[in-house]
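Enquirer: This is the structure, below, for whatever I ask next.
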Amino acid sequence: MLTDIEIAQSAEIKPISEVAKVLDIKESELEYYGWYKAKLSEGLIERVADNPDGKLVLVTAVNPTPAGEGKTTVTVGLGQAMQRIGKKAVIALREPSLGPVFGIKGGAAGGGYSQVLPMEDINLHFTGDMHAITAANNLLCALLDNHIHQGNRLNIDPRRILIKRCLDMNDRALRNTIIGLGGKANGVPRQDGFIITVASEIMAILCLCRDIEDLKQRLGDILVAYTYDGQPVFAKDLKAAGAMSVLLKDAIKPNLVQTLEGTPVLMHGGPFANIAHGCNSLRATKLGLKLADYCITEAGFGSDLGAEKFMDIKCRLGGLKPSAVVIVATVRALKYNGGVPKAELKSENLPALQQGLANLGVHIDNMRKFGLPVVVAINKFSTDTENEINAIIDYCKGKNADAAVCEVFEKGGEGGTGLAEMVVKACETPSEFKFMYPLDIPVKDKIKKIATDIYGAEGVDFTAEADKAIAEIESLGCSGLPVCIAKTQYSLSDNPAMLGRPSGFRITVREAYLSRGAGFVVVLTGSIMTMPGLPKQPAAENINIDRTGKITGLF
């Protein structure tokens with residue numbers, strides 16, 4: 001079989017104007033970025049505002065393995081399959097970050113015959129949204145340090161600066177830095193550091209704002225520092241919100257692209273789910289609901305991370321109500337969670353698979369706690385055996401959950417029609433969507449609720465630093481916000497080595513901080529980092545371009 005990039009480069013891609021017609025989008029409502037991608041205008045959003053909403057389908061997954069399980073591929077394949085069975089569907093995805101593209105995870109445009117095009121553009125600079133977010137974030141940092149250098153009228157304590165510079169790249173050497181060296185003319189020396197762009201509060205704000213005015217308001221509400229006497233300092237105190245909004249004036253608009261089969265895709269925003277809230281922009285999702293009968297979207301990593309945040313943060317802040325949840329599972333992910341090393345995942349191992357199925361069971365149970373119908377998509381790999389596939393199907397029957405074998409990687413939409421039929425049926429099933437916790441309980445109680453009811457922890461321990469931070473957040477009158485827990489994706493616990501369905505563990509909260517502009521409290525657990533590093537053999541080593549401009553090595 002051809003590689004992902006070979007498939008993408010051999011595809012007959014349609015002009016984006018033709019793809020727009022599928023959703024009844026007028027040419028005047030497109031802002032072109034070449035022939036094959038476009039931003040969607042504010043005029044379109046206003047024109048369809050009164051259209052009835054379609055059905056919202058969330059695609060999530062079991063806890064992933066280092067090999068990756070193809071959640072985006074299934075999402076794309078499901079959208080293509082919906083089109084094949086005669087449904088008007090649109091897919092809403094996150095944009096890739098350059099960090100994983102050049103690191104270990106690869107891009108985020110799907111795979112095989114369920115990809116989003118133009119794959120190379122999407123995985124690289126796309127329409128510049130990531131760069132605009134990076135620029136807006138770093139403008140705020142520059143304004144803050146300049147304010148201190150120019151006399152510090154606000155009395156900012158350099159030891160209590162919360163905002164960090166960002167870069168859309170995995171670069172561990174920038175996690176902790178010293179800035180302002182070189183004498184008086186070069187600023188005030190202080191300790192600083194970088195986070196990856198997708199972890200920036202600016203990214204979260206872009207993905208949760210309603211319009212440009214809401215964006216501006218949220219940017220102004222970013223808590224950037226404290227004064228020497230303990231008073232909060234916000235971005236609006238630095239008069240930064242207007243200029244930041246100007247940098248984001250185009251980035252706020254959703255992007256339109258297409259799948260290999262011409263299914264429309266709204267690709268916009270890209271926060272990670274292990275260190276941020278893991279969902280594409282609220283604007284793109286809400287627009288998708290107005291443009292099609294089915295909007296297929298995904299949330300990052302396993303349901304303990306992305307799906308929980310999708311429900312408790314995105315749906316709550318955006319007034320969304322999902323109709324169904326698809327949980328992607330693979331034979332190899334379940335065997336890995338059953339204790340099989342990565343190098344041995346291609347061999348049949350039913351005992352390990354049976355043990356790993358407990359992980360799938362947690363995710364099914366958790367999604368039902370939100371009051372939603374669940375469909376399991378078994379993303380089939382060539383090394384899977386019939387016995388292993390049947391074992392998953394039988395387990396799902398025992399959980400009273402529909403399960404479909406999904407072959408969209410090799411067959412495109414044709415390989416997902418069975419899944420699509422099940423999803424349509426699930427969307428017609430009566431459900432009562434609910435959140436995991438109410439907003440009017442203390443921050444610690446929200447964290448404990450997620451840790452015990454979603455992760456399966458016995459309880460939560462807070463470091464002295466976390467205790468102090470949470471108390472400070474509540475003293476600012478922000479206890480009524482949802483929480484966004486940063487945690488390893490590889491385990492239901494905060495320890496990546498605890499696979500399957502761990503028990504008897506506790507979650508340790510080591511730090512917390514307020515993302516007031518985004519509208520949630522960020523909680524750091526375990527050893528999770530907001531600036532990843534590159535692996536021993538980065539994917540970048542295999543990426544190249546020839547004299548004709550043909551790119552190789554992207555995946």
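Labels used: A, B, ... for chains in the order of the structure tokens, numbers from 1 for residues in each chain, and numbers from 1 for ligands as shown.
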Using backbone DSSP assignments, extract all strand (DSSP E) residues from region 82-192 of chain A; output them as a list in words.

Expert: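 Answer for region 82-192 of chain A, restricted to strand (DSSP E): Ala89, Val90, Ile91, Ala92, Leu93, Gly110, Gly111, Ser114, Gln115, Val116, Leu117, Ile156, Asp157, Pro158, Arg159, Arg160, Ile161, Arg165, Cys166, Leu167, Thr177, Ile178, Ile179, Arg190, Gln191 and Asp192 of chain A.
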
Enquirer: Neighbouring residues of region 129-138 of chain A were defined as those with any atom within 6 Å, considering only C-alpha atoms; residues of the same chain fewer than 6 positions away were excluded. Please report them as a ChimeraX atom specification.

Expert: /A:165,197,244,247-248,251

Enquirer: Taking only C-alpha atoms into account, which of A:Leu289, A:Met119, A:Ala420, A:Ala377 comes nearest Val62 (chain A)?

Expert: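 Counting only C-alpha atoms, the residue closest to Val62 (chain A) is A:Ala377.
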
Enquirer: Find the residues around Lys184 (chain A) up to 12 Å (only C-alpha atoms counted), leave out those fewer than 5 positions away in its own chain, and share them as a PyMOL selection string.

Expert: chain A and resi 148-150+189

Enquirer: Based on the selection just made, write N, CA, C and O atoms of those residues as a PDB file, in the first residue's frame.

Expert:
ATOM      1  N   ILE A 148       7.810  46.737  32.317  1.00  0.00           N
ATOM      2  CA  ILE A 148       8.714  46.689  33.473  1.00  0.00           C
ATOM      3  C   ILE A 148       9.976  47.513  33.192  1.00  0.00           C
ATOM      4  O   ILE A 148      10.434  48.292  34.030  1.00  0.00           O
ATOM      5  N   HIS A 149      10.509  47.383  31.986  1.00  0.00           N
ATOM      6  CA  HIS A 149      11.733  48.104  31.602  1.00  0.00           C
ATOM      7  C   HIS A 149      11.529  49.611  31.609  1.00  0.00           C
ATOM      8  O   HIS A 149      12.434  50.379  31.982  1.00  0.00           O
ATOM      9  N   GLN A 150      10.333  50.031  31.211  1.00  0.00           N
ATOM     10  CA  GLN A 150      10.062  51.463  31.076  1.00  0.00           C
ATOM     11  C   GLN A 150       9.612  52.129  32.378  1.00  0.00           C
ATOM     12  O   GLN A 150       9.130  53.261  32.359  1.00  0.00           O
ATOM     13  N   PRO A 189      16.492  41.538  33.830  1.00  0.00           N
ATOM     14  CA  PRO A 189      16.713  40.089  33.875  1.00  0.00           C
ATOM     15  C   PRO A 189      15.689  39.390  34.778  1.00  0.00           C
ATOM     16  O   PRO A 189      15.348  39.889  35.848  1.00  0.00           O
TER      17      PRO A 189
END

Enquirer: Identify, on the basis of only C-alpha atoms, every residue whose closest approach to region 433-438 of chain A does not exceed 8 Å; exclude the query and any residue fewer than 2 positions from it along the same chain; express the result as an MDAnalysis selection string.

Expert: chainID A and resid 311:312 316 321:322 369:372 431 440:441 446 449:450

Enquirer: So which residues touch Leu223 (chain A) within 9 Å, counting only C-alpha atoms, skipping near sequence neighbours fewer than 2 positions away, as a PDB file with all heavy atoms, in the first residue's frame?

Expert:
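Output file out20.pdb is given in full below:
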ATOM      1  N   LEU A 162       3.091  35.263  35.121  1.00  0.00           N
ATOM      2  CA  LEU A 162       2.449  33.989  34.801  1.00  0.00           C
ATOM      3  C   LEU A 162       2.521  33.642  33.317  1.00  0.00           C
ATOM      4  O   LEU A 162       2.584  32.470  32.962  1.00  0.00           O
ATOM      5  CB  LEU A 162       0.981  34.027  35.242  1.00  0.00           C
ATOM      6  CG  LEU A 162       0.728  34.419  36.694  1.00  0.00           C
ATOM      7  CD1 LEU A 162      -0.764  34.492  36.969  1.00  0.00           C
ATOM      8  CD2 LEU A 162       1.388  33.426  37.644  1.00  0.00           C
ATOM      9  N   ILE A 163       2.471  34.647  32.464  1.00  0.00           N
ATOM     10  CA  ILE A 163       2.458  34.401  31.021  1.00  0.00           C
ATOM     11  C   ILE A 163       3.852  33.994  30.541  1.00  0.00           C
ATOM     12  O   ILE A 163       4.856  34.532  30.993  1.00  0.00           O
ATOM     13  CB  ILE A 163       1.963  35.656  30.266  1.00  0.00           C
ATOM     14  CG1 ILE A 163       1.744  35.364  28.787  1.00  0.00           C
ATOM     15  CG2 ILE A 163       2.908  36.826  30.457  1.00  0.00           C
ATOM     16  CD1 ILE A 163       0.476  34.665  28.487  1.00  0.00           C
ATOM     17  N   GLY A 220      -8.237  40.518  26.838  1.00  0.00           N
ATOM     18  CA  GLY A 220      -8.006  41.493  27.893  1.00  0.00           C
ATOM     19  C   GLY A 220      -8.076  40.907  29.283  1.00  0.00           C
ATOM     20  O   GLY A 220      -7.458  41.427  30.230  1.00  0.00           O
ATOM     21  N   ASP A 221      -8.820  39.785  29.427  1.00  0.00           N
ATOM     22  CA  ASP A 221      -8.997  39.150  30.731  1.00  0.00           C
ATOM     23  C   ASP A 221      -7.899  38.153  31.090  1.00  0.00           C
ATOM     24  O   ASP A 221      -7.967  37.491  32.136  1.00  0.00           O
ATOM     25  CB  ASP A 221     -10.352  38.431  30.783  1.00  0.00           C
ATOM     26  CG  ASP A 221     -11.519  39.394  30.928  1.00  0.00           C
ATOM     27  OD1 ASP A 221     -11.278  40.541  31.333  1.00  0.00           O
ATOM     28  OD2 ASP A 221     -12.663  38.999  30.625  1.00  0.00           O
ATOM     29  N   ALA A 225       0.157  38.511  35.510  1.00  0.00           N
ATOM     30  CA  ALA A 225       1.123  38.657  36.603  1.00  0.00           C
ATOM     31  C   ALA A 225       0.415  39.141  37.864  1.00  0.00           C
ATOM     32  O   ALA A 225      -0.805  39.392  37.870  1.00  0.00           O
ATOM     33  CB  ALA A 225       2.219  39.655  36.209  1.00  0.00           C
ATOM     34  N   TYR A 226       1.203  39.274  38.926  1.00  0.00           N
ATOM     35  CA  TYR A 226       0.736  39.897  40.169  1.00  0.00           C
ATOM     36  C   TYR A 226       1.689  41.044  40.511  1.00  0.00           C
ATOM     37  O   TYR A 226       2.870  41.024  40.137  1.00  0.00           O
ATOM     38  CB  TYR A 226       0.711  38.887  41.311  1.00  0.00           C
ATOM     39  CG  TYR A 226      -0.441  37.913  41.244  1.00  0.00           C
ATOM     40  CD1 TYR A 226      -0.287  36.655  40.645  1.00  0.00           C
ATOM     41  CD2 TYR A 226      -1.687  38.226  41.782  1.00  0.00           C
ATOM     42  CE1 TYR A 226      -1.336  35.759  40.581  1.00  0.00           C
ATOM     43  CE2 TYR A 226      -2.744  37.325  41.725  1.00  0.00           C
ATOM     44  CZ  TYR A 226      -2.568  36.102  41.126  1.00  0.00           C
ATOM     45  OH  TYR A 226      -3.612  35.213  41.075  1.00  0.00           O
ATOM     46  N   PRO A 232      -3.798  41.318  41.141  1.00  0.00           N
ATOM     47  CA  PRO A 232      -3.691  40.747  39.798  1.00  0.00           C
ATOM     48  C   PRO A 232      -3.482  41.805  38.729  1.00  0.00           C
ATOM     49  O   PRO A 232      -3.993  42.926  38.829  1.00  0.00           O
ATOM     50  CB  PRO A 232      -5.045  40.048  39.613  1.00  0.00           C
ATOM     51  CG  PRO A 232      -5.992  40.811  40.489  1.00  0.00           C
ATOM     52  CD  PRO A 232      -5.181  41.229  41.680  1.00  0.00           C
ATOM     53  N   VAL A 233      -2.728  41.434  37.696  1.00  0.00           N
ATOM     54  CA  VAL A 233      -2.514  42.291  36.536  1.00  0.00           C
ATOM     55  C   VAL A 233      -3.010  41.530  35.302  1.00  0.00           C
ATOM     56  O   VAL A 233      -2.615  40.384  35.072  1.00  0.00           O
ATOM     57  CB  VAL A 233      -1.021  42.652  36.361  1.00  0.00           C
ATOM     58  CG1 VAL A 233      -0.831  43.529  35.121  1.00  0.00           C
ATOM     59  CG2 VAL A 233      -0.488  43.352  37.595  1.00  0.00           C
ATOM     60  N   PHE A 234      -3.869  42.179  34.526  1.00  0.00           N
ATOM     61  CA  PHE A 234      -4.456  41.550  33.351  1.00  0.00           C
ATOM     62  C   PHE A 234      -3.908  42.178  32.070  1.00  0.00           C
ATOM     63  O   PHE A 234      -3.350  43.281  32.087  1.00  0.00           O
ATOM     64  CB  PHE A 234      -5.981  41.675  33.393  1.00  0.00           C
ATOM     65  CG  PHE A 234      -6.603  41.004  34.588  1.00  0.00           C
ATOM     66  CD1 PHE A 234      -6.943  41.739  35.716  1.00  0.00           C
ATOM     67  CD2 PHE A 234      -6.828  39.640  34.593  1.00  0.00           C
ATOM     68  CE1 PHE A 234      -7.507  41.129  36.823  1.00  0.00           C
ATOM     69  CE2 PHE A 234      -7.391  39.013  35.695  1.00  0.00           C
ATOM     70  CZ  PHE A 234      -7.726  39.755  36.816  1.00  0.00           C
ATOM     71  N   ALA A 235      -4.107  41.469  30.958  1.00  0.00           N
ATOM     72  CA  ALA A 235      -3.617  41.977  29.672  1.00  0.00           C
ATOM     73  C   ALA A 235      -4.216  43.340  29.347  1.00  0.00           C
ATOM     74  O   ALA A 235      -3.552  44.185  28.740  1.00  0.00           O
ATOM     75  CB  ALA A 235      -3.932  40.975  28.563  1.00  0.00           C
ATOM     76  N   LEU A 514      -4.884  30.085  36.605  1.00  0.00           N
ATOM     77  CA  LEU A 514      -6.129  30.602  36.053  1.00  0.00           C
ATOM     78  C   LEU A 514      -5.972  31.012  34.600  1.00  0.00           C
ATOM     79  O   LEU A 514      -5.108  31.809  34.266  1.00  0.00           O
ATOM     80  CB  LEU A 514      -6.594  31.805  36.885  1.00  0.00           C
ATOM     81  CG  LEU A 514      -7.859  32.530  36.424  1.00  0.00           C
ATOM     82  CD1 LEU A 514      -9.061  31.611  36.475  1.00  0.00           C
ATOM     83  CD2 LEU A 514      -8.084  33.777  37.277  1.00  0.00           C
ATOM     84  N   SER A 515      -6.817  30.452  33.735  1.00  0.00           N
ATOM     85  CA  SER A 515      -6.946  30.930  32.360  1.00  0.00           C
ATOM     86  C   SER A 515      -8.263  31.696  32.300  1.00  0.00           C
ATOM     87  O   SER A 515      -9.283  31.187  31.826  1.00  0.00           O
ATOM     88  CB  SER A 515      -6.936  29.766  31.366  1.00  0.00           C
ATOM     89  OG  SER A 515      -5.647  29.232  31.205  1.00  0.00           O
ATOM     90  N   ARG A 516      -8.228  32.903  32.825  1.00  0.00           N
ATOM     91  CA  ARG A 516      -9.478  33.673  32.950  1.00  0.00           C
ATOM     92  C   ARG A 516     -10.037  34.076  31.597  1.00  0.00           C
ATOM     93  O   ARG A 516     -11.253  34.127  31.400  1.00  0.00           O
ATOM     94  CB  ARG A 516      -9.233  34.917  33.808  1.00  0.00           C
ATOM     95  CG  ARG A 516     -10.492  35.725  34.057  1.00  0.00           C
ATOM     96  CD  ARG A 516     -10.273  36.794  35.092  1.00  0.00           C
ATOM     97  NE  ARG A 516     -11.408  37.710  35.165  1.00  0.00           N
ATOM     98  CZ  ARG A 516     -11.480  38.728  36.002  1.00  0.00           C
ATOM     99  NH1 ARG A 516     -10.501  38.962  36.864  1.00  0.00           N
ATOM    100  NH2 ARG A 516     -12.529  39.528  36.002  1.00  0.00           N
ATOM    101  N   GLY A 517      -9.167  34.378  30.651  1.00  0.00           N
ATOM    102  CA  GLY A 517      -9.644  34.733  29.324  1.00  0.00           C
ATOM    103  C   GLY A 517     -10.351  33.571  28.645  1.00  0.00           C
ATOM    104  O   GLY A 517     -11.411  33.739  28.038  1.00  0.00           O
TER     105      GLY A 517
END

Enquirer: What is the CA of Leu492 (chain A) to CA of Cys295 (chain A) distance in Å?

Expert: 28.0 Å

Enquirer: With 7 Å as the cut-off and only C-alpha atoms counted, what is the closest atom pair between each nearby residue of region 42-127 of chain A and region 255-267 of chain A? Distances in Å to one decimal, ordered by chain and number, as CSV.

Expert:
residue,atom,partner,partner_atom,distance
A:Gly79,CA,A:Thr263,CA,6.9
A:Gln80,CA,A:Thr263,CA,5.9
A:Val90,CA,A:Pro264,CA,5.3
A:Ile91,CA,A:Val265,CA,4.6
A:Ala92,CA,A:Leu266,CA,4.7
A:Leu93,CA,A:Met267,CA,4.7
A:Arg94,CA,A:Met267,CA,5.5
A:Glu95,CA,A:Met267,CA,5.8
A:Tyr113,CA,A:Leu260,CA,6.7
A:Ser114,CA,A:Leu260,CA,6.5
A:Gln115,CA,A:Thr259,CA,5.5
A:Val116,CA,A:Thr259,CA,4.2
A:Leu117,CA,A:Gln258,CA,5.6

Enquirer: Could you check how far CA of Glu348 (chain A) sits from CA of Ala333 (chain A), in Å to one decimal?

Expert: 12.7 Å

Enquirer: Where does DSSP see helix (DSSP H, G or I) in region 148-184 of chain A, if you list the residues as a list in words?

Expert: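 Answer for region 148-184 of chain A restricted to helix (DSSP H, G or I) is Ile148, His149, Arg172, Ala173, Leu174 and Lys184 of chain A.
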
Enquirer: Measure the distance from CA of Ala426 (chain A) to CA of Ile25 (chain A) in Å and round it to one decimal.

Expert: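 Taking CA of Ala426 (chain A) and CA of Ile25 (chain A), their separation equals 28.4 Å.
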
Enquirer: Write out as an MDAnalysis selection string the residues lying within 12 Å of Glu474 (chain A), counting only C-alpha atoms and excluding same-chain residues fewer than 2 positions away.

Expert: chainID A and resid 440:444 467:472 476:481 512:514 516 520:521

Enquirer: Got time to write the residues from that selection, N, CA and C atoms, as a PDB file, in the first residue's frame?

Expert:
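Ended up saving to out21.pdb:
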ATOM      1  N   ASP A 440     -20.995  25.406  40.535  1.00  0.00           N
ATOM      2  CA  ASP A 440     -21.054  26.134  41.804  1.00  0.00           C
ATOM      3  C   ASP A 440     -20.430  25.394  42.982  1.00  0.00           C
ATOM      4  N   ILE A 441     -19.609  24.378  42.694  1.00  0.00           N
ATOM      5  CA  ILE A 441     -18.895  23.694  43.771  1.00  0.00           C
ATOM      6  C   ILE A 441     -17.435  24.157  43.755  1.00  0.00           C
ATOM      7  N   PRO A 442     -16.694  23.993  44.859  1.00  0.00           N
ATOM      8  CA  PRO A 442     -15.294  24.447  44.902  1.00  0.00           C
ATOM      9  C   PRO A 442     -14.426  23.787  43.826  1.00  0.00           C
ATOM     10  N   VAL A 443     -13.349  24.467  43.461  1.00  0.00           N
ATOM     11  CA  VAL A 443     -12.429  23.962  42.427  1.00  0.00           C
ATOM     12  C   VAL A 443     -11.921  22.567  42.783  1.00  0.00           C
ATOM     13  N   LYS A 444     -11.536  22.366  44.023  1.00  0.00           N
ATOM     14  CA  LYS A 444     -11.002  21.059  44.433  1.00  0.00           C
ATOM     15  C   LYS A 444     -12.034  19.950  44.266  1.00  0.00           C
ATOM     16  N   ASP A 467      -2.308  24.014  46.501  1.00  0.00           N
ATOM     17  CA  ASP A 467      -3.254  24.545  47.491  1.00  0.00           C
ATOM     18  C   ASP A 467      -3.275  26.073  47.457  1.00  0.00           C
ATOM     19  N   LYS A 468      -2.089  26.651  47.453  1.00  0.00           N
ATOM     20  CA  LYS A 468      -1.978  28.113  47.458  1.00  0.00           C
ATOM     21  C   LYS A 468      -2.554  28.707  46.180  1.00  0.00           C
ATOM     22  N   ALA A 469      -2.255  28.080  45.042  1.00  0.00           N
ATOM     23  CA  ALA A 469      -2.728  28.602  43.759  1.00  0.00           C
ATOM     24  C   ALA A 469      -4.252  28.548  43.659  1.00  0.00           C
ATOM     25  N   ILE A 470      -4.833  27.441  44.109  1.00  0.00           N
ATOM     26  CA  ILE A 470      -6.289  27.298  44.042  1.00  0.00           C
ATOM     27  C   ILE A 470      -6.974  28.300  44.968  1.00  0.00           C
ATOM     28  N   ALA A 471      -6.404  28.482  46.149  1.00  0.00           N
ATOM     29  CA  ALA A 471      -6.957  29.476  47.086  1.00  0.00           C
ATOM     30  C   ALA A 471      -6.916  30.869  46.474  1.00  0.00           C
ATOM     31  N   GLU A 472      -5.841  31.174  45.775  1.00  0.00           N
ATOM     32  CA  GLU A 472      -5.685  32.483  45.149  1.00  0.00           C
ATOM     33  C   GLU A 472      -6.687  32.666  44.019  1.00  0.00           C
ATOM     34  N   LEU A 476     -10.041  35.411  43.731  1.00  0.00           N
ATOM     35  CA  LEU A 476     -10.314  36.336  42.626  1.00  0.00           C
ATOM     36  C   LEU A 476     -11.749  36.208  42.127  1.00  0.00           C
ATOM     37  N   GLY A 477     -12.541  35.363  42.784  1.00  0.00           N
ATOM     38  CA  GLY A 477     -13.929  35.174  42.387  1.00  0.00           C
ATOM     39  C   GLY A 477     -14.103  34.251  41.194  1.00  0.00           C
ATOM     40  N   CYS A 478     -13.143  33.351  40.966  1.00  0.00           N
ATOM     41  CA  CYS A 478     -13.177  32.484  39.780  1.00  0.00           C
ATOM     42  C   CYS A 478     -13.425  31.018  40.115  1.00  0.00           C
ATOM     43  N   SER A 479     -13.985  30.742  41.273  1.00  0.00           N
ATOM     44  CA  SER A 479     -14.238  29.349  41.649  1.00  0.00           C
ATOM     45  C   SER A 479     -15.341  28.719  40.814  1.00  0.00           C
ATOM     46  N   GLY A 480     -16.148  29.536  40.128  1.00  0.00           N
ATOM     47  CA  GLY A 480     -17.256  29.024  39.342  1.00  0.00           C
ATOM     48  C   GLY A 480     -16.906  28.630  37.924  1.00  0.00           C
ATOM     49  N   LEU A 481     -15.614  28.466  37.628  1.00  0.00           N
ATOM     50  CA  LEU A 481     -15.185  28.071  36.285  1.00  0.00           C
ATOM     51  C   LEU A 481     -14.974  26.563  36.195  1.00  0.00           C
ATOM     52  N   ALA A 512      -1.638  24.701  39.763  1.00  0.00           N
ATOM     53  CA  ALA A 512      -2.875  25.160  39.123  1.00  0.00           C
ATOM     54  C   ALA A 512      -2.709  26.625  38.757  1.00  0.00           C
ATOM     55  N   TYR A 513      -3.342  27.028  37.675  1.00  0.00           N
ATOM     56  CA  TYR A 513      -3.310  28.447  37.324  1.00  0.00           C
ATOM     57  C   TYR A 513      -4.598  28.819  36.593  1.00  0.00           C
ATOM     58  N   LEU A 514      -4.884  30.085  36.605  1.00  0.00           N
ATOM     59  CA  LEU A 514      -6.129  30.602  36.053  1.00  0.00           C
ATOM     60  C   LEU A 514      -5.972  31.012  34.600  1.00  0.00           C
ATOM     61  N   ARG A 516      -8.228  32.903  32.825  1.00  0.00           N
ATOM     62  CA  ARG A 516      -9.478  33.673  32.950  1.00  0.00           C
ATOM     63  C   ARG A 516     -10.037  34.076  31.597  1.00  0.00           C
ATOM     64  N   PHE A 520     -11.437  28.946  32.166  1.00  0.00           N
ATOM     65  CA  PHE A 520     -11.306  27.731  32.967  1.00  0.00           C
ATOM     66  C   PHE A 520     -10.052  27.788  33.833  1.00  0.00           C
ATOM     67  N   VAL A 521      -9.967  26.833  34.769  1.00  0.00           N
ATOM     68  CA  VAL A 521      -8.811  26.699  35.658  1.00  0.00           C
ATOM     69  C   VAL A 521      -7.971  25.526  35.164  1.00  0.00           C
TER      70      VAL A 521
END

Enquirer: Please list as a VMD selection string every residue within 10 Å of Met82 (chain A), counting only C-alpha atoms and excluding residues in the same chain fewer than 4 positions away.

Expert: chain A and resid 76 to 78 86 to 90 263 294 296 413 to 414 416 to 421 423 to 424

Enquirer: So which one's closest to Val74 (chain A), A:Met367, A:Met529, A:Ile454, A:Val408? Using only C-alpha atoms, please.

Expert: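 Of A:Met367, A:Met529, A:Ile454, A:Val408, the one nearest Val74 (chain A), counting only C-alpha atoms, is A:Val408.
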
Enquirer: Using only C-alpha atoms, can you tell me which of A:Leu350, A:Val362, A:Arg332, A:Phe301 comes closest to Asn390 (chain A)?

Expert: A:Leu350

Enquirer: Restricting the calculation to only C-alpha atoms, which member of A:Gly356, A:Gly111, A:Gly270, A:Gly300 is positioned closest to Met1 (chain A)?

Expert: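 When distances to Met1 (chain A) are compared using only C-alpha atoms, the smallest one comes from A:Gly111.
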